[in-house]
$ cat query-v1.cif   # mmCIF, N, CA and C atoms
data_my_file
loop_
_atom_site.label_atom_id
_atom_site.label_comp_id
_atom_site.auth_asym_id
_atom_site.auth_seq_id
_atom_site.Cartn_x
_atom_site.Cartn_y
_atom_site.Cartn_z
N MET P 1 74.76 -14.45 112.65
CA MET P 1 74.28 -14.44 111.27
C MET P 1 72.76 -14.53 111.30
N CYS P 2 72.12 -13.73 110.53
CA CYS P 2 70.66 -13.69 110.45
C CYS P 2 70.18 -14.82 109.54
N PRO P 3 69.05 -15.49 109.85
CA PRO P 3 68.59 -16.61 109.03
C PRO P 3 68.42 -16.26 107.55
N SER P 4 68.10 -15.02 107.25
CA SER P 4 67.89 -14.66 105.85
C SER P 4 69.19 -14.35 105.12
N GLU P 5 70.30 -14.30 105.85
CA GLU P 5 71.58 -14.03 105.20
C GLU P 5 72.05 -15.25 104.43
N PRO P 6 72.63 -15.02 103.25
CA PRO P 6 73.19 -16.15 102.51
C PRO P 6 74.25 -16.86 103.36
N GLY P 7 74.25 -18.16 103.31
CA GLY P 7 75.24 -18.94 104.05
C GLY P 7 74.86 -19.21 105.50
N ALA P 8 73.70 -18.75 105.96
CA ALA P 8 73.29 -19.03 107.33
C ALA P 8 73.11 -20.54 107.49
N ASP P 9 73.64 -21.10 108.55
CA ASP P 9 73.56 -22.53 108.81
C ASP P 9 72.34 -22.81 109.69
N PRO P 10 71.25 -23.36 109.12
CA PRO P 10 70.03 -23.56 109.90
C PRO P 10 70.22 -24.49 111.10
N VAL P 11 71.10 -25.46 111.00
CA VAL P 11 71.34 -26.37 112.12
C VAL P 11 71.94 -25.58 113.28
N HIS P 12 72.93 -24.74 112.98
CA HIS P 12 73.57 -23.91 114.01
C HIS P 12 72.55 -22.93 114.60
N LEU P 13 71.71 -22.36 113.75
CA LEU P 13 70.71 -21.40 114.23
C LEU P 13 69.72 -22.06 115.18
N LEU P 14 69.28 -23.27 114.89
CA LEU P 14 68.34 -23.98 115.77
C LEU P 14 68.99 -24.40 117.08
N TYR P 15 70.29 -24.68 117.04
CA TYR P 15 70.98 -25.15 118.23
C TYR P 15 71.41 -24.00 119.13
N ASP P 16 72.01 -23.00 118.55
CA ASP P 16 72.70 -21.98 119.33
C ASP P 16 71.95 -20.66 119.52
N ASN P 17 71.25 -20.23 118.54
CA ASN P 17 70.73 -18.85 118.54
C ASN P 17 69.22 -18.81 118.51
N THR P 18 68.58 -19.33 119.55
CA THR P 18 67.12 -19.36 119.55
C THR P 18 66.55 -18.72 120.80
N ALA P 19 65.35 -18.23 120.66
CA ALA P 19 64.60 -17.69 121.80
C ALA P 19 63.58 -18.72 122.27
N PHE P 20 63.78 -19.98 121.89
CA PHE P 20 62.88 -21.07 122.29
C PHE P 20 63.70 -22.31 122.61
N GLY P 21 63.13 -23.17 123.43
CA GLY P 21 63.75 -24.45 123.72
C GLY P 21 63.26 -25.49 122.73
N LEU P 22 64.14 -26.35 122.28
CA LEU P 22 63.80 -27.40 121.33
C LEU P 22 64.39 -28.70 121.85
N LEU P 23 63.54 -29.72 122.01
CA LEU P 23 63.93 -31.02 122.57
C LEU P 23 63.39 -32.14 121.70
N ALA P 24 64.03 -33.29 121.75
CA ALA P 24 63.49 -34.48 121.09
C ALA P 24 63.91 -35.71 121.88
N HIS P 25 63.01 -36.70 121.92
CA HIS P 25 63.36 -37.98 122.53
C HIS P 25 63.06 -39.11 121.54
N ASP P 26 63.67 -40.26 121.81
CA ASP P 26 63.55 -41.41 120.91
C ASP P 26 62.34 -42.26 121.25
N THR P 27 62.30 -43.46 120.68
CA THR P 27 61.15 -44.36 120.88
C THR P 27 61.47 -45.55 121.79
N SER P 28 62.58 -45.48 122.52
CA SER P 28 62.90 -46.59 123.41
C SER P 28 61.80 -46.76 124.44
N PRO P 29 61.72 -47.93 125.11
CA PRO P 29 60.66 -48.17 126.09
C PRO P 29 60.59 -47.08 127.17
N ASP P 30 61.72 -46.55 127.57
CA ASP P 30 61.80 -45.41 128.48
C ASP P 30 62.51 -44.32 127.67
N PRO P 31 61.75 -43.53 126.87
CA PRO P 31 62.38 -42.62 125.90
C PRO P 31 63.46 -41.73 126.51
N VAL P 32 64.55 -41.59 125.75
CA VAL P 32 65.72 -40.81 126.15
C VAL P 32 65.84 -39.62 125.21
N PHE P 33 66.21 -38.48 125.77
CA PHE P 33 66.44 -37.31 124.92
C PHE P 33 67.57 -37.60 123.93
N VAL P 34 67.37 -37.20 122.70
CA VAL P 34 68.40 -37.32 121.66
C VAL P 34 68.82 -35.95 121.14
N TYR P 35 68.12 -34.91 121.59
CA TYR P 35 68.45 -33.55 121.16
C TYR P 35 67.93 -32.55 122.19
N ALA P 36 68.72 -31.52 122.42
CA ALA P 36 68.32 -30.38 123.24
C ALA P 36 69.15 -29.19 122.79
N ASN P 37 68.50 -28.14 122.31
CA ASN P 37 69.28 -26.98 121.90
C ASN P 37 69.80 -26.26 123.15
N ARG P 38 70.64 -25.26 122.93
CA ARG P 38 71.27 -24.57 124.07
C ARG P 38 70.26 -23.90 125.00
N THR P 39 69.18 -23.37 124.45
CA THR P 39 68.16 -22.76 125.30
C THR P 39 67.58 -23.79 126.25
N ALA P 40 67.26 -24.97 125.74
CA ALA P 40 66.73 -26.04 126.60
C ALA P 40 67.79 -26.48 127.61
N GLN P 41 69.04 -26.59 127.19
CA GLN P 41 70.12 -26.96 128.11
C GLN P 41 70.23 -25.96 129.26
N ARG P 42 70.15 -24.67 128.94
CA ARG P 42 70.23 -23.64 129.99
C ARG P 42 69.03 -23.73 130.92
N CYS P 43 67.83 -23.91 130.39
CA CYS P 43 66.63 -23.99 131.24
C CYS P 43 66.69 -25.17 132.20
N PHE P 44 67.12 -26.32 131.69
CA PHE P 44 67.14 -27.53 132.50
C PHE P 44 68.45 -27.71 133.27
N GLY P 45 69.50 -26.99 132.88
CA GLY P 45 70.77 -27.06 133.60
C GLY P 45 71.62 -28.26 133.29
N TYR P 46 71.37 -28.92 132.17
CA TYR P 46 72.17 -30.09 131.77
C TYR P 46 73.06 -29.74 130.59
N SER P 47 74.25 -30.33 130.56
CA SER P 47 75.12 -30.21 129.39
C SER P 47 74.56 -31.10 128.28
N TRP P 48 75.10 -30.96 127.09
CA TRP P 48 74.69 -31.83 125.98
C TRP P 48 74.87 -33.30 126.36
N ALA P 49 76.06 -33.65 126.88
CA ALA P 49 76.36 -35.04 127.22
C ALA P 49 75.39 -35.58 128.27
N GLU P 50 74.99 -34.77 129.23
CA GLU P 50 74.03 -35.21 130.24
C GLU P 50 72.62 -35.34 129.65
N PHE P 51 72.25 -34.37 128.82
CA PHE P 51 70.90 -34.36 128.26
C PHE P 51 70.64 -35.58 127.39
N VAL P 52 71.57 -35.95 126.54
CA VAL P 52 71.32 -37.04 125.59
C VAL P 52 71.45 -38.42 126.23
N ARG P 53 71.57 -38.48 127.53
CA ARG P 53 71.49 -39.75 128.28
C ARG P 53 70.29 -39.76 129.22
N LEU P 54 69.56 -38.65 129.28
CA LEU P 54 68.49 -38.47 130.26
C LEU P 54 67.15 -39.01 129.77
N PRO P 55 66.55 -39.94 130.50
CA PRO P 55 65.18 -40.34 130.14
C PRO P 55 64.27 -39.10 130.19
N SER P 56 63.47 -38.91 129.18
CA SER P 56 62.67 -37.68 129.10
C SER P 56 61.67 -37.55 130.25
N ARG P 57 61.24 -38.66 130.82
CA ARG P 57 60.30 -38.58 131.95
C ARG P 57 60.93 -37.84 133.13
N LEU P 58 62.27 -37.82 133.23
CA LEU P 58 62.94 -37.15 134.34
C LEU P 58 62.98 -35.63 134.17
N SER P 59 62.45 -35.14 133.06
CA SER P 59 62.37 -33.68 132.89
C SER P 59 61.29 -33.09 133.78
N ALA P 60 60.41 -33.92 134.30
CA ALA P 60 59.35 -33.47 135.21
C ALA P 60 59.53 -34.17 136.55
N GLY P 61 59.28 -33.44 137.61
CA GLY P 61 59.32 -34.02 138.95
C GLY P 61 58.08 -34.86 139.19
N ALA P 62 57.99 -35.43 140.38
CA ALA P 62 56.86 -36.30 140.73
C ALA P 62 55.52 -35.59 140.54
N GLU P 63 55.47 -34.31 140.91
CA GLU P 63 54.20 -33.58 140.82
C GLU P 63 53.79 -33.27 139.39
N GLY P 64 54.69 -33.41 138.42
CA GLY P 64 54.36 -33.13 137.03
C GLY P 64 54.23 -34.35 136.14
N GLN P 65 54.43 -35.54 136.72
CA GLN P 65 54.45 -36.76 135.90
C GLN P 65 53.12 -37.10 135.24
N ASP P 66 52.03 -37.02 135.96
CA ASP P 66 50.74 -37.38 135.37
C ASP P 66 50.40 -36.46 134.21
N ASP P 67 50.59 -35.16 134.41
CA ASP P 67 50.31 -34.17 133.37
C ASP P 67 51.19 -34.41 132.14
N ARG P 68 52.49 -34.66 132.37
CA ARG P 68 53.42 -34.91 131.27
C ARG P 68 53.02 -36.17 130.51
N ARG P 69 52.73 -37.23 131.24
CA ARG P 69 52.36 -38.51 130.63
C ARG P 69 51.11 -38.35 129.75
N GLU P 70 50.13 -37.59 130.21
CA GLU P 70 48.91 -37.36 129.44
C GLU P 70 49.20 -36.55 128.17
N PHE P 71 50.08 -35.56 128.28
CA PHE P 71 50.45 -34.76 127.11
C PHE P 71 51.15 -35.63 126.06
N VAL P 72 52.11 -36.44 126.49
CA VAL P 72 52.83 -37.32 125.57
C VAL P 72 51.87 -38.32 124.93
N ARG P 73 50.95 -38.88 125.71
CA ARG P 73 49.96 -39.82 125.17
C ARG P 73 49.10 -39.16 124.11
N SER P 74 48.66 -37.95 124.37
CA SER P 74 47.83 -37.22 123.41
C SER P 74 48.58 -36.97 122.10
N VAL P 75 49.85 -36.60 122.20
CA VAL P 75 50.65 -36.38 121.00
C VAL P 75 50.83 -37.69 120.25
N THR P 76 51.09 -38.77 120.95
CA THR P 76 51.25 -40.08 120.31
C THR P 76 49.98 -40.43 119.54
N GLU P 77 48.84 -40.18 120.13
CA GLU P 77 47.56 -40.54 119.52
C GLU P 77 47.18 -39.61 118.36
N HIS P 78 47.39 -38.32 118.51
CA HIS P 78 46.90 -37.34 117.53
C HIS P 78 47.98 -36.79 116.60
N GLY P 79 49.25 -37.08 116.86
CA GLY P 79 50.33 -36.60 116.00
C GLY P 79 50.98 -35.32 116.46
N TYR P 80 50.23 -34.47 117.14
CA TYR P 80 50.79 -33.23 117.70
C TYR P 80 49.80 -32.65 118.70
N ALA P 81 50.29 -31.70 119.47
CA ALA P 81 49.43 -30.93 120.38
C ALA P 81 50.13 -29.60 120.62
N SER P 82 49.35 -28.58 120.87
CA SER P 82 49.94 -27.27 121.15
C SER P 82 49.18 -26.57 122.26
N GLY P 83 49.80 -25.50 122.77
CA GLY P 83 49.19 -24.72 123.83
C GLY P 83 49.41 -25.29 125.22
N TYR P 84 50.31 -26.23 125.37
CA TYR P 84 50.56 -26.90 126.64
C TYR P 84 51.39 -26.02 127.57
N ARG P 85 51.15 -26.16 128.86
CA ARG P 85 51.97 -25.56 129.92
C ARG P 85 52.23 -26.66 130.94
N GLY P 86 53.49 -26.90 131.25
CA GLY P 86 53.79 -27.99 132.17
C GLY P 86 54.91 -27.65 133.13
N LEU P 87 54.83 -28.20 134.32
CA LEU P 87 55.83 -28.01 135.36
C LEU P 87 57.01 -28.95 135.09
N ARG P 88 58.21 -28.40 135.09
CA ARG P 88 59.41 -29.19 134.84
C ARG P 88 60.42 -28.95 135.95
N THR P 89 61.41 -29.83 136.04
CA THR P 89 62.43 -29.76 137.08
C THR P 89 63.81 -29.74 136.45
N ALA P 90 64.61 -28.75 136.84
CA ALA P 90 65.98 -28.63 136.36
C ALA P 90 66.88 -29.59 137.14
N LYS P 91 68.07 -29.80 136.65
CA LYS P 91 69.05 -30.66 137.30
C LYS P 91 69.26 -30.24 138.76
N SER P 92 69.24 -28.95 139.02
CA SER P 92 69.45 -28.42 140.37
C SER P 92 68.27 -28.66 141.31
N GLY P 93 67.13 -29.08 140.75
CA GLY P 93 65.92 -29.23 141.54
C GLY P 93 64.97 -28.04 141.40
N ARG P 94 65.46 -26.96 140.79
CA ARG P 94 64.62 -25.79 140.56
C ARG P 94 63.44 -26.18 139.68
N ARG P 95 62.26 -25.77 140.06
CA ARG P 95 61.07 -26.08 139.27
C ARG P 95 60.69 -24.86 138.44
N PHE P 96 60.26 -25.12 137.22
CA PHE P 96 59.89 -24.04 136.32
C PHE P 96 58.81 -24.52 135.37
N TRP P 97 58.10 -23.57 134.80
CA TRP P 97 57.05 -23.86 133.84
C TRP P 97 57.60 -23.74 132.43
N ILE P 98 57.30 -24.72 131.59
CA ILE P 98 57.49 -24.53 130.16
C ILE P 98 56.12 -24.15 129.62
N GLU P 99 56.10 -23.15 128.75
CA GLU P 99 54.82 -22.59 128.33
C GLU P 99 54.77 -22.45 126.82
N ASP P 100 53.56 -22.40 126.31
CA ASP P 100 53.33 -22.27 124.86
C ASP P 100 54.09 -23.38 124.13
N VAL P 101 53.86 -24.61 124.58
CA VAL P 101 54.57 -25.79 124.05
C VAL P 101 53.78 -26.41 122.90
N THR P 102 54.51 -26.73 121.86
CA THR P 102 53.98 -27.55 120.77
C THR P 102 54.84 -28.80 120.70
N MET P 103 54.19 -29.95 120.62
CA MET P 103 54.91 -31.23 120.54
C MET P 103 54.34 -32.01 119.38
N TRP P 104 55.19 -32.75 118.68
CA TRP P 104 54.76 -33.53 117.53
C TRP P 104 55.56 -34.82 117.44
N ASN P 105 54.96 -35.80 116.74
CA ASN P 105 55.64 -37.06 116.48
C ASN P 105 56.66 -36.85 115.37
N LEU P 106 57.81 -37.47 115.52
CA LEU P 106 58.85 -37.43 114.49
C LEU P 106 58.68 -38.65 113.60
N VAL P 107 58.24 -38.43 112.39
CA VAL P 107 57.93 -39.50 111.45
C VAL P 107 58.66 -39.21 110.14
N ASP P 108 59.37 -40.19 109.60
CA ASP P 108 60.07 -39.97 108.34
C ASP P 108 59.13 -40.18 107.15
N THR P 109 59.65 -39.97 105.94
CA THR P 109 58.82 -40.06 104.74
C THR P 109 58.25 -41.46 104.50
N ALA P 110 58.88 -42.48 105.08
CA ALA P 110 58.37 -43.84 104.95
C ALA P 110 57.32 -44.16 106.01
N GLY P 111 57.05 -43.19 106.90
CA GLY P 111 56.05 -43.40 107.94
C GLY P 111 56.59 -44.02 109.22
N THR P 112 57.91 -44.18 109.31
CA THR P 112 58.52 -44.76 110.50
C THR P 112 58.58 -43.72 111.61
N HIS P 113 58.09 -44.10 112.78
CA HIS P 113 58.09 -43.21 113.94
C HIS P 113 59.45 -43.27 114.62
N HIS P 114 60.08 -42.08 114.84
CA HIS P 114 61.41 -42.01 115.44
C HIS P 114 61.43 -41.37 116.82
N GLY P 115 60.30 -40.88 117.28
CA GLY P 115 60.24 -40.24 118.59
C GLY P 115 59.30 -39.05 118.56
N GLN P 116 59.57 -38.12 119.44
CA GLN P 116 58.76 -36.91 119.52
C GLN P 116 59.67 -35.72 119.77
N ALA P 117 59.26 -34.56 119.28
CA ALA P 117 59.99 -33.32 119.50
C ALA P 117 59.03 -32.30 120.10
N ALA P 118 59.60 -31.37 120.82
CA ALA P 118 58.79 -30.31 121.43
C ALA P 118 59.55 -29.00 121.38
N VAL P 119 58.81 -27.94 121.17
CA VAL P 119 59.35 -26.59 121.26
C VAL P 119 58.56 -25.87 122.34
N PHE P 120 59.29 -25.19 123.23
CA PHE P 120 58.62 -24.34 124.21
C PHE P 120 59.12 -22.91 124.00
N ARG P 121 58.14 -22.02 123.90
CA ARG P 121 58.44 -20.64 123.51
C ARG P 121 58.61 -19.70 124.69
N ALA P 122 58.25 -20.16 125.89
CA ALA P 122 58.39 -19.35 127.09
C ALA P 122 58.61 -20.27 128.28
N TRP P 123 59.20 -19.73 129.33
CA TRP P 123 59.42 -20.47 130.55
C TRP P 123 59.51 -19.46 131.69
N SER P 124 59.15 -19.93 132.89
CA SER P 124 59.20 -19.06 134.05
C SER P 124 59.38 -19.91 135.30
N ASP P 125 60.04 -19.33 136.29
CA ASP P 125 60.23 -20.05 137.55
C ASP P 125 58.89 -20.30 138.21
N ALA P 126 58.79 -21.44 138.88
CA ALA P 126 57.56 -21.80 139.60
C ALA P 126 57.75 -21.47 141.07
N SER P 127 56.79 -20.80 141.65
CA SER P 127 56.83 -20.55 143.09
C SER P 127 56.31 -21.81 143.79
N GLU P 128 56.54 -21.89 145.07
CA GLU P 128 56.03 -23.03 145.84
C GLU P 128 54.50 -23.09 145.74
N ALA P 129 53.84 -21.95 145.71
CA ALA P 129 52.38 -21.92 145.59
C ALA P 129 51.96 -22.51 144.24
N ASP P 130 52.70 -22.19 143.16
CA ASP P 130 52.41 -22.74 141.84
C ASP P 130 52.49 -24.26 141.87
N VAL P 131 53.53 -24.77 142.53
CA VAL P 131 53.76 -26.21 142.55
C VAL P 131 52.63 -26.90 143.32
N ARG P 132 52.22 -26.33 144.43
CA ARG P 132 51.13 -26.94 145.21
C ARG P 132 49.79 -26.88 144.46
N CYS P 133 49.56 -25.76 143.76
CA CYS P 133 48.28 -25.58 143.09
C CYS P 133 48.28 -26.13 141.68
N GLY P 134 49.48 -26.25 141.08
CA GLY P 134 49.67 -26.81 139.76
C GLY P 134 48.71 -26.35 138.76
#
$ encode --input "query-v1.cif" --output "structure tokens"
Amino acid sequence: MCPSEPGADPVHLLYDNTAFGLLAHDTSPDPVFVYANRTAQRCFGYSWAEFVRLPSRLSAGAEGQDDRREFVRSVTEHGYASGYRGLRTAKSGRRFWIEDVTMWNLVDTAGTHHGQAAVFRAWSDASEADVRCG
């Protein structure tokens, strides 16, 4: 169903029929993913049940942790950031780049912070040279 068609379910469209990955994590001390659409699940290789138990820091391997931590800190401080490219690690150990990423704080109308969400519009496998040169 096309988004402009009457009766299109936007929740289903964001989850199932996207050309982008969409993720969100909570505000726990070690934030855990609370949402991952099917595109993100395919990229990372986790099922829904696995994803929503995964600490978000584990989406990046050791070589990507500092960069990821800085990106999350910047979003926390400024409310959002865009244009990010970061090295991530799939469940299988395969490393890949998420690209053209926008991340924002999830804040309700009362101003309560509920976590952060990110959309990545492109992704590509990382070669060993990419990983070393980062």
$ select_by_dssp --input "query-v1.cif" --residues "chain P" --states "strand (DSSP E or B)" --output "ChimeraX atom specification"
/P:21-25,32-36,55,80-89,95-107,113-125
$ write_last_selection --input "query-v1.cif" --atoms "N, CA and C atoms" --output "CSV table (one decimal), keeping the file's coordinate frame"
chain,number,residue,atom,x,y,z
P,21,GLY,N,63.1,-23.2,123.4
P,21,GLY,CA,63.8,-24.4,123.7
P,21,GLY,C,63.3,-25.5,122.7
P,22,LEU,N,64.1,-26.4,122.3
P,22,LEU,CA,63.8,-27.4,121.3
P,22,LEU,C,64.4,-28.7,121.8
P,23,LEU,N,63.5,-29.7,122.0
P,23,LEU,CA,63.9,-31.0,122.6
P,23,LEU,C,63.4,-32.1,121.7
P,24,ALA,N,64.0,-33.3,121.8
P,24,ALA,CA,63.5,-34.5,121.1
P,24,ALA,C,63.9,-35.7,121.9
P,25,HIS,N,63.0,-36.7,121.9
P,25,HIS,CA,63.4,-38.0,122.5
P,25,HIS,C,63.1,-39.1,121.5
P,32,VAL,N,64.6,-41.6,125.8
P,32,VAL,CA,65.7,-40.8,126.2
P,32,VAL,C,65.8,-39.6,125.2
P,33,PHE,N,66.2,-38.5,125.8
P,33,PHE,CA,66.4,-37.3,124.9
P,33,PHE,C,67.6,-37.6,123.9
P,34,VAL,N,67.4,-37.2,122.7
P,34,VAL,CA,68.4,-37.3,121.7
P,34,VAL,C,68.8,-36.0,121.1
P,35,TYR,N,68.1,-34.9,121.6
P,35,TYR,CA,68.4,-33.6,121.2
P,35,TYR,C,67.9,-32.6,122.2
P,36,ALA,N,68.7,-31.5,122.4
P,36,ALA,CA,68.3,-30.4,123.2
P,36,ALA,C,69.2,-29.2,122.8
P,55,PRO,N,66.6,-39.9,130.5
P,55,PRO,CA,65.2,-40.3,130.1
P,55,PRO,C,64.3,-39.1,130.2
P,80,TYR,N,50.2,-34.5,117.1
P,80,TYR,CA,50.8,-33.2,117.7
P,80,TYR,C,49.8,-32.6,118.7
P,81,ALA,N,50.3,-31.7,119.5
P,81,ALA,CA,49.4,-30.9,120.4
P,81,ALA,C,50.1,-29.6,120.6
P,82,SER,N,49.4,-28.6,120.9
P,82,SER,CA,49.9,-27.3,121.2
P,82,SER,C,49.2,-26.6,122.3
P,83,GLY,N,49.8,-25.5,122.8
P,83,GLY,CA,49.2,-24.7,123.8
P,83,GLY,C,49.4,-25.3,125.2
P,84,TYR,N,50.3,-26.2,125.4
P,84,TYR,CA,50.6,-26.9,126.6
P,84,TYR,C,51.4,-26.0,127.6
P,85,ARG,N,51.2,-26.2,128.9
P,85,ARG,CA,52.0,-25.6,129.9
P,85,ARG,C,52.2,-26.7,130.9
P,86,GLY,N,53.5,-26.9,131.2
P,86,GLY,CA,53.8,-28.0,132.2
P,86,GLY,C,54.9,-27.6,133.1
P,87,LEU,N,54.8,-28.2,134.3
P,87,LEU,CA,55.8,-28.0,135.4
P,87,LEU,C,57.0,-29.0,135.1
P,88,ARG,N,58.2,-28.4,135.1
P,88,ARG,CA,59.4,-29.2,134.8
P,88,ARG,C,60.4,-29.0,136.0
P,89,THR,N,61.4,-29.8,136.0
P,89,THR,CA,62.4,-29.8,137.1
P,89,THR,C,63.8,-29.7,136.4
P,95,ARG,N,62.3,-25.8,140.1
P,95,ARG,CA,61.1,-26.1,139.3
P,95,ARG,C,60.7,-24.9,138.4
P,96,PHE,N,60.3,-25.1,137.2
P,96,PHE,CA,59.9,-24.0,136.3
P,96,PHE,C,58.8,-24.5,135.4
P,97,TRP,N,58.1,-23.6,134.8
P,97,TRP,CA,57.0,-23.9,133.8
P,97,TRP,C,57.6,-23.7,132.4
P,98,ILE,N,57.3,-24.7,131.6
P,98,ILE,CA,57.5,-24.5,130.2
P,98,ILE,C,56.1,-24.2,129.6
P,99,GLU,N,56.1,-23.2,128.8
P,99,GLU,CA,54.8,-22.6,128.3
P,99,GLU,C,54.8,-22.4,126.8
P,100,ASP,N,53.6,-22.4,126.3
P,100,ASP,CA,53.3,-22.3,124.9
P,100,ASP,C,54.1,-23.4,124.1
P,101,VAL,N,53.9,-24.6,124.6
P,101,VAL,CA,54.6,-25.8,124.0
P,101,VAL,C,53.8,-26.4,122.9
P,102,THR,N,54.5,-26.7,121.9
P,102,THR,CA,54.0,-27.6,120.8
P,102,THR,C,54.8,-28.8,120.7
P,103,MET,N,54.2,-30.0,120.6
P,103,MET,CA,54.9,-31.2,120.5
P,103,MET,C,54.3,-32.0,119.4
P,104,TRP,N,55.2,-32.8,118.7
P,104,TRP,CA,54.8,-33.5,117.5
P,104,TRP,C,55.6,-34.8,117.4
P,105,ASN,N,55.0,-35.8,116.7
P,105,ASN,CA,55.6,-37.1,116.5
P,105,ASN,C,56.7,-36.8,115.4
P,106,LEU,N,57.8,-37.5,115.5
P,106,LEU,CA,58.8,-37.4,114.5
P,106,LEU,C,58.7,-38.6,113.6
P,107,VAL,N,58.2,-38.4,112.4
P,107,VAL,CA,57.9,-39.5,111.4
P,107,VAL,C,58.7,-39.2,110.1
P,113,HIS,N,58.1,-44.1,112.8
P,113,HIS,CA,58.1,-43.2,113.9
P,113,HIS,C,59.4,-43.3,114.6
P,114,HIS,N,60.1,-42.1,114.8
P,114,HIS,CA,61.4,-42.0,115.4
P,114,HIS,C,61.4,-41.4,116.8
P,115,GLY,N,60.3,-40.9,117.3
P,115,GLY,CA,60.2,-40.2,118.6
P,115,GLY,C,59.3,-39.0,118.6
P,116,GLN,N,59.6,-38.1,119.4
P,116,GLN,CA,58.8,-36.9,119.5
P,116,GLN,C,59.7,-35.7,119.8
P,117,ALA,N,59.3,-34.6,119.3
P,117,ALA,CA,60.0,-33.3,119.5
P,117,ALA,C,59.0,-32.3,120.1
P,118,ALA,N,59.6,-31.4,120.8
P,118,ALA,CA,58.8,-30.3,121.4
P,118,ALA,C,59.6,-29.0,121.4
P,119,VAL,N,58.8,-27.9,121.2
P,119,VAL,CA,59.4,-26.6,121.3
P,119,VAL,C,58.6,-25.9,122.3
P,120,PHE,N,59.3,-25.2,123.2
P,120,PHE,CA,58.6,-24.3,124.2
P,120,PHE,C,59.1,-22.9,124.0
P,121,ARG,N,58.1,-22.0,123.9
P,121,ARG,CA,58.4,-20.6,123.5
P,121,ARG,C,58.6,-19.7,124.7
P,122,ALA,N,58.2,-20.2,125.9
P,122,ALA,CA,58.4,-19.4,127.1
P,122,ALA,C,58.6,-20.3,128.3
P,123,TRP,N,59.2,-19.7,129.3
P,123,TRP,CA,59.4,-20.5,130.6
P,123,TRP,C,59.5,-19.5,131.7
P,124,SER,N,59.2,-19.9,132.9
P,124,SER,CA,59.2,-19.1,134.0
P,124,SER,C,59.4,-19.9,135.3
P,125,ASP,N,60.0,-19.3,136.3
P,125,ASP,CA,60.2,-20.0,137.6
P,125,ASP,C,58.9,-20.3,138.2
$ select_by_dssp --input "query-v1.cif" --residues "chain P" --states "helix (DSSP H, G or I)" --output "ChimeraX atom specification"
/P:10-16,38-44,48-51,56-59,62-78,128-133
$ resolve_selection --input "query-v1.cif" --expression "the PyMOL selection byres ((chain P and resi 34) around 8)" --output "number ranges by chain"
P: 23-26, 31-33, 35-37, 51-54, 56
$ residues_near_point --input "query-v1.cif" --point "(63.4, -22.8, 139.4)" --cutoff "7 Å" --atoms "only N, CA and C atoms" --output "PyMOL selection string"
chain P and resi 90+93-96+124-126
$ atom_distance --input "query-v1.cif" --atom1 "atom N of Arg68 in chain P" --atom2 "atom C of Asp30 in chain P"
14.7 Å
$ atom_distance --input "query-v1.cif" --atom1 "atom C of Lys91 in chain P" --atom2 "CA of Tyr46 in chain P"
7.6 Å
$ residues_around --input "query-v1.cif" --residues "Val107 in chain P" --least-positions-apart "5" --cutoff "10 Å" --atoms "only C-alpha atoms" --output "list in words"
Gly79, Thr112, His113, His114, Gly115 and Gln116 of chain P
$ atom_distance --input "query-v1.cif" --atom1 "atom C of Gly111 in chain P" --atom2 "atom C of Val75 in chain P"
14.0 Å
$ residues_around --input "query-v1.cif" --residues "Ser92 in chain P" --least-positions-apart "3" --cutoff "9 Å" --atoms "only C-alpha atoms" --output "PyMOL selection string"
chain P and resi 44-45+89+95
$ closest_residue --input "query-v1.cif" --among "P:Ser127, P:His78, P:Arg69, P:Arg38" --to "Gly21 in chain P" --atoms "all atoms listed in the file"
P:Arg38
$ resolve_selection --input "query-v1.cif" --expression "the PyMOL selection byres ((chain P and resi 86) around 6.5)" --output "VMD selection string"
chain P and resid 84 to 85 87 to 88 96 to 99
$ write_last_selection --input "query-v1.cif" --atoms "N, CA and C atoms" --output "tab-separated table (two decimals), keeping the file's coordinate frame"
chain	number	residue	atom	x	y	z
P	84	TYR	N	50.31	-26.23	125.37
P	84	TYR	CA	50.56	-26.90	126.64
P	84	TYR	C	51.39	-26.02	127.57
P	85	ARG	N	51.15	-26.16	128.86
P	85	ARG	CA	51.97	-25.56	129.92
P	85	ARG	C	52.23	-26.66	130.94
P	87	LEU	N	54.83	-28.20	134.32
P	87	LEU	CA	55.83	-28.01	135.36
P	87	LEU	C	57.01	-28.95	135.09
P	88	ARG	N	58.21	-28.40	135.09
P	88	ARG	CA	59.41	-29.19	134.84
P	88	ARG	C	60.42	-28.95	135.95
P	96	PHE	N	60.26	-25.12	137.22
P	96	PHE	CA	59.89	-24.04	136.32
P	96	PHE	C	58.81	-24.52	135.37
P	97	TRP	N	58.10	-23.57	134.80
P	97	TRP	CA	57.05	-23.86	133.84
P	97	TRP	C	57.60	-23.74	132.43
P	98	ILE	N	57.30	-24.72	131.59
P	98	ILE	CA	57.49	-24.53	130.16
P	98	ILE	C	56.12	-24.15	129.62
P	99	GLU	N	56.10	-23.15	128.75
P	99	GLU	CA	54.82	-22.59	128.33
P	99	GLU	C	54.77	-22.45	126.82
$ resolve_selection --input "query-v1.cif" --expression "the PyMOL selection byres ((chain P and resi 102) around 7)" --output "VMD selection string"
chain P and resid 80 to 84 99 to 101 103 to 104 117 to 121
$ closest_residue --input "query-v1.cif" --among "P:Thr109, P:Gln41, P:Ser28, P:Thr76" --to "Ser59 in chain P" --atoms "only C-alpha atoms"
P:Gln41
$ axis_aligned_box --input "query-v1.cif" --around "range 109-121 of chain P" --padding-each-side "4 Å" --output "AutoDock Vina command-line options"
--center_x 58.7 --center_y -32.2 --center_z 114.6 --size_x 13.4 --size_y 33.1 --size_z 28.2
$ closest_residue --input "query-v1.cif" --among "P:Ser74, P:Leu22, P:Asp108, P:Thr27" --to "Cys43 in chain P" --atoms "only C-alpha atoms"
P:Leu22
